[in-house]
Number of protein chains: 2
Amino acid sequence: MLEIRTFPSNCFRRSSSIACDTCGARALSVCGSVDDTDLGRLDAMAEHASFAAGSVLIREGDPARHVFNITSGSVRVYKLLADGRRQITGFLFTGDFLGLATGDTYVFSAEAVEPATACRFRKTEYRALIRDCPTLEATLFDRANHELAAAQSQMLLLGRKTALERIATFLLDLPSHDPARTIPPGHVHLPMTRAEIADYLGLTIETVSRVLTRLKTQGVIRLVSLSELRVEQPEVLRALADGVG
Amino acid sequence: MLEIRTFPSNCFRRSSSIACDTCGARALSVCGSVDDTDLGRLDAMAEHASFAAGSVLIREGDPARHVFNITSGSVRVYKLLADGRRQITGFLFTGDFLGLATGDTYVFSAEAVEPATACRFRKTEYRALIRDCPTLEATLFDRANHELAAAQSQMLLLGRKTALERIATFLLDLPSHDPARTIPPGHVHLPMTRAEIADYLGLTIETVSRVLTRLKTQGVIRLVSLSELRVEQPEVLRALADGVG
DNA sequence: CGAGCAGTTGATTTTTATCAAGTAGCGTGG
DNA sequence: CCACGCTACTTGATAAAAATCAACTGCTCG
């Protein structure tokens with residue numbers, strides 16, 4: 001049983017999905033044009049797992065035996081220092097792959113932000129399929145390069161932007177992670193806590209809170225609830241994000 | 001004429017190279033086991049260019065028409081903010097590829113740090129070859145994932161490490177970028193200026209200078225010259241880098 | 001109803017940036 | 001060969017940004 005979800009052609013997160021015969025959940029969600037037969041083969045060798053909010057998919061330092069494909073929910077990827085300082089390096093959503101990096105052990109951790117489901121493959125099997133299926137490899141390669149570009153932008157943010165510029169950038173980037181584009185423009189949903197935002201932007205929760213308050217006071221944004229906000233002056237926010245403020 | 005350079009098997013930068021018939025310079029330098037025939041085909045469609053120190057290979061915002069392969073020297077990749085703040089996202093060396101990210105325009109700039117040579121391909125031709133040569137694509141994909149892991153480590157550094165921890169990490173990581181491993185252990189060569197180190201680590205030149213002085217005073221390192229230093233206490237430096245200091 | 005957690009706000013400290021003088025190395029030209 | 005000037009680097013004083021410490025608010029869920 002095949003389900004193809006179609007998004008606007010300019011949308012990177014366009015994906016083909018197939019539903020799992022055993023559990024019923026969507027089993028695979030791959031960006032780009034991947035052959036249905038290949039998707040099926042990949043799906044056949046996958047384990048399908050559900051993760052409660054906060055549960056661990058990958059622990060840094062563990063033997064890297066599996067590759068994951070997120071089929072629903074969202075996942076945070078992060079690294080820790082010995083004393084507990086955390087840097088969240090990214091959030092993953094439906095369709096994203098996890099654990100592709102080569103090496104014996106994982107070099108990052110990953111946890112479900114909200115309840116999530118994922119397919120899990122043995123790395124050896126995954127490698128065999130990758131070799132047989134050039135389309136899939138091309139798609140994944142393409143995506144890795146996208147992620148690399150995103151990582152560079154994040155390095156610019158972490159290394160050179162002020163707290164205000166970081167928050168502004170974050171608020172503008174967030175909606176683009178919404179896979180279904182269901183949220184009306186100008187409306188931003190914050191599925192993560194202040195602590196997660198802080199650990200993603202290299203700030204403290206207090207600074208995040210203060211900057212949001214400042215933006216609210218200046219009328220640039222309006223806080224509908226703790227996790228919902230509306231951008232009232234997008235052009236001002238854009239200027240702030242680019243350091244032109 | 002084929003030249004294979006062999007490095008220890010645990011070395012990621014192991015590469016196959018072929019020399020250019022016309023200019024004599026090494027034309028292609030690719031990590032991993034890539035078929036010689038494929039290398040030859042790739043080389044045949046390349047332009048071979050030399051770059052003086054400081055000259056621009058890629059300017060952010062320009063149409064992304066080419067892919068580069070560095071064949072000698074070193075290159076800095078960076079992003080700028082409107083007011084001139086710069087974040088260097090990485091240094092590239094012999095064998096590294098540049099400009100693989102999809103999209104109409106380059107999303108970063110690249111300049112030669114020291115005199116460098118590179119092969120340049122039209123993206124369209126490059127894409128065609130990539131499709132024909134699975135080994136090359138696998139190699140590039142593998143490397144992209146390595147870079148992604150490196151980018152995550154750099155995000156941890158930029159977002160959560162102190163100035164001292166950043167410098168310590170930098171000094172420990174630098175030798176691994178030496179493709180030929182010619183430098184004796186404990187000896188670190190700094191081919192870049194303090195300004196470049198600062199822009200790579202998200203600091204100012206003054207802070208870089210002060211931290212180096214501090215490490216020198218404490219006897220952890222010894223400055224042989226401005227661009228040469230010796231690590232006297234590697235285990236102390238490692239502890240500092242990991243935030244265990 | 002109240003405990004507990006997430007978030008906000010305020011006071012203070014710390015870190016690093018900024019501003020401002022130097023000093024050292026190095027290539028050029030007298 | 002040495003003086004000059006340039007640039008990179010270092011060092012010091014001060015300022016700014018964000019972290020830390022601390023108190024308080026408000027919400028959610030037993």
# chains A, B, ... in the order shown; residues from 1 in each chain; ligands from 1

$ residues_around --residues "region 14-29 of chain D" --least-positions-apart "6" --cutoff "12 Å" --atoms "only C-alpha atoms (C1' of nucleotides)" --output "PyMOL selection string"
(chain A and resi 161-164+202-208+210-211+225-226) or (chain B and resi 160+162) or (chain C and resi 1-20)

$ write_last_selection --atoms "C-alpha atoms (C1' of nucleotides)" --output "short mmCIF file (atom, residue, chain, number, x, y, z; two decimals), in the first residue's frame"
data_model
loop_
_atom_site.label_atom_id
_atom_site.label_comp_id
_atom_site.auth_asym_id
_atom_site.auth_seq_id
_atom_site.Cartn_x
_atom_site.Cartn_y
_atom_site.Cartn_z
CA LYS A 161 25.25 36.95 16.02
CA THR A 162 23.91 38.75 19.11
CA ALA A 163 21.16 37.24 21.26
CA LEU A 164 18.56 39.43 19.54
CA GLY A 202 23.85 28.97 22.47
CA LEU A 203 22.07 31.18 25.04
CA THR A 204 20.50 30.78 28.49
CA ILE A 205 16.77 30.46 29.14
CA GLU A 206 16.80 33.86 30.85
CA THR A 207 18.26 35.57 27.80
CA VAL A 208 15.75 33.86 25.49
CA ARG A 210 14.21 38.56 27.96
CA VAL A 211 14.68 38.91 24.20
CA SER A 225 0.47 31.62 24.33
CA LEU A 226 3.73 30.24 25.64
CA ARG B 160 28.82 26.27 24.56
CA THR B 162 34.60 29.18 26.68
"C1'" DC C 1 -5.68 22.95 46.86
"C1'" DG C 2 -0.98 22.78 46.57
"C1'" DA C 3 3.32 20.88 44.72
"C1'" DG C 4 6.17 21.29 40.98
"C1'" DC C 5 7.71 22.93 36.78
"C1'" DA C 6 8.27 26.39 33.07
"C1'" DG C 7 8.75 30.87 32.44
"C1'" DT C 8 9.58 35.82 33.68
"C1'" DT C 9 11.88 39.54 35.86
"C1'" DG C 10 15.45 41.80 38.62
"C1'" DA C 11 20.25 42.42 40.70
"C1'" DT C 12 24.85 41.29 40.18
"C1'" DT C 13 28.90 39.06 38.26
"C1'" DT C 14 31.59 37.22 34.70
"C1'" DT C 15 33.26 36.91 30.30
"C1'" DT C 16 34.52 38.72 26.30
"C1'" DA C 17 34.38 42.72 23.21
"C1'" DT C 18 35.90 47.19 22.40
"C1'" DC C 19 39.00 50.91 22.55
"C1'" DA C 20 43.67 52.29 22.89
#

$ select_by_dssp --residues "region 83-195 of chain B" --states "alpha helix (DSSP H)" --output "PyMOL selection string"
chain B and resi 123-132+134-160+163-173+194-195

$ atom_distance --atom1 "CA of Gly186 (chain A)" --atom2 "CA of Gly219 (chain A)"
13.5 Å

$ residues_around --residues "Leu57 (chain A)" --least-positions-apart "3" --cutoff "9 Å" --atoms "only C-alpha atoms (C1' of nucleotides)" --output "NGL selection string"
:A and (51 or 68 or 75 or 109-112)

$ interface_residues --of "chain A" --to "chain B" --cutoff "7 Å" --atoms "only C-alpha atoms" --output "number ranges by chain"
A: 79, 81-82, 85, 87, 89, 100-102, 141-142, 144-146, 148-149, 151-152, 155-156, 158-160, 201-202, 242-244

$ write_last_selection --atoms "C-alpha atoms" --output "short mmCIF file (atom, residue, chain, number, x, y, z; two decimals), in the first residue's frame"
data_model
loop_
_atom_site.label_atom_id
_atom_site.label_comp_id
_atom_site.auth_asym_id
_atom_site.auth_seq_id
_atom_site.Cartn_x
_atom_site.Cartn_y
_atom_site.Cartn_z
CA LYS A 79 26.06 17.02 21.91
CA LEU A 81 30.14 18.49 27.44
CA ALA A 82 31.37 16.62 30.51
CA ARG A 85 26.44 21.87 28.93
CA GLN A 87 24.36 22.14 22.33
CA THR A 89 22.68 20.90 16.71
CA LEU A 100 24.31 8.25 8.43
CA ALA A 101 27.76 9.40 9.51
CA THR A 102 30.39 6.73 9.18
CA PHE A 141 23.58 13.04 -0.75
CA ASP A 142 21.57 16.03 -1.84
CA ALA A 144 23.36 15.94 3.36
CA ASN A 145 24.59 18.93 1.39
CA HIS A 146 21.52 20.89 2.37
CA LEU A 148 25.75 21.13 5.59
CA ALA A 149 24.59 24.52 4.30
CA ALA A 151 25.03 23.92 9.61
CA GLN A 152 27.13 26.72 8.16
CA MET A 155 27.79 28.43 12.81
CA LEU A 156 27.43 32.04 11.65
CA LEU A 158 26.47 30.87 17.05
CA GLY A 159 29.81 32.51 16.34
CA ARG A 160 28.86 36.02 15.31
CA LEU A 201 20.92 29.10 20.03
CA GLY A 202 23.85 28.97 22.47
CA ASP A 242 20.49 39.84 9.30
CA GLY A 243 22.16 42.28 11.69
CA VAL A 244 20.83 45.30 9.79
#

$ closest_residue --among "B:Val224, B:Ala49, B:Val236, B:Leu190" --to "Phe170 (chain B)" --atoms "only C-alpha atoms"
B:Leu190

$ atom_distance --atom1 "CA of Gln218 (chain A)" --atom2 "CA of Glu235 (chain A)"
13.5 Å

$ closest_residue --among "A:Arg166, A:Arg222, A:Arg214, A:Arg194" --to "chain C" --atoms "only C-alpha atoms (C1' of nucleotides)"
A:Arg194

$ residues_around --residues "DG27 (chain C)" --least-positions-apart "6" --cutoff "12 Å" --atoms "only C-alpha atoms (C1' of nucleotides)" --output "list of chain:residue names"
D:DC4, D:DG5, D:DC6, D:DT7

$ select_by_dssp --residues "region 20-239 of chain B" --states "strand (DSSP E)" --output "PyMOL selection string"
chain B and resi 26-31+47-51+56-58+66-72+75-80+86-92+97-98+109-112+116-122+187-189+221-223+228-231

$ atom_distance --atom1 "CA of Glu228 (chain A)" --atom2 "CA of Thr117 (chain A)"
24.2 Å

$ interface_residues --of "chain D" --to "chain B" --cutoff "8 Å" --atoms "only C-alpha atoms (C1' of nucleotides)" --output "count of residues only"
3

$ decode --residues "chain C" --atoms "C-alpha atoms (C1' of nucleotides)" --output "PDB file, in the first residue's frame"
ATOM      1  C1'  DC C   1      -5.681  22.955  46.855  1.00  0.00           C
ATOM      2  C1'  DG C   2      -0.985  22.784  46.567  1.00  0.00           C
ATOM      3  C1'  DA C   3       3.316  20.879  44.718  1.00  0.00           C
ATOM      4  C1'  DG C   4       6.171  21.290  40.980  1.00  0.00           C
ATOM      5  C1'  DC C   5       7.715  22.933  36.778  1.00  0.00           C
ATOM      6  C1'  DA C   6       8.274  26.389  33.071  1.00  0.00           C
ATOM      7  C1'  DG C   7       8.746  30.874  32.436  1.00  0.00           C
ATOM      8  C1'  DT C   8       9.580  35.815  33.677  1.00  0.00           C
ATOM      9  C1'  DT C   9      11.882  39.543  35.860  1.00  0.00           C
ATOM     10  C1'  DG C  10      15.453  41.803  38.620  1.00  0.00           C
ATOM     11  C1'  DA C  11      20.250  42.419  40.696  1.00  0.00           C
ATOM     12  C1'  DT C  12      24.846  41.288  40.179  1.00  0.00           C
ATOM     13  C1'  DT C  13      28.901  39.060  38.257  1.00  0.00           C
ATOM     14  C1'  DT C  14      31.595  37.221  34.697  1.00  0.00           C
ATOM     15  C1'  DT C  15      33.256  36.911  30.298  1.00  0.00           C
ATOM     16  C1'  DT C  16      34.518  38.720  26.299  1.00  0.00           C
ATOM     17  C1'  DA C  17      34.383  42.721  23.206  1.00  0.00           C
ATOM     18  C1'  DT C  18      35.896  47.187  22.403  1.00  0.00           C
ATOM     19  C1'  DC C  19      39.000  50.912  22.551  1.00  0.00           C
ATOM     20  C1'  DA C  20      43.675  52.290  22.891  1.00  0.00           C
ATOM     21  C1'  DA C  21      48.679  51.886  23.211  1.00  0.00           C
ATOM     22  C1'  DG C  22      52.314  49.732  22.527  1.00  0.00           C
ATOM     23  C1'  DT C  23      55.963  45.980  20.382  1.00  0.00           C
ATOM     24  C1'  DA C  24      57.902  42.681  17.151  1.00  0.00           C
ATOM     25  C1'  DG C  25      58.822  40.898  12.770  1.00  0.00           C
ATOM     26  C1'  DC C  26      59.529  41.686   7.946  1.00  0.00           C
ATOM     27  C1'  DG C  27      59.996  43.418   3.416  1.00  0.00           C
ATOM     28  C1'  DT C  28      61.448  47.607   0.874  1.00  0.00           C
ATOM     29  C1'  DG C  29      64.292  51.075  -0.472  1.00  0.00           C
ATOM     30  C1'  DG C  30      67.899  54.172   0.552  1.00  0.00           C
TER      31       DG C  30
END
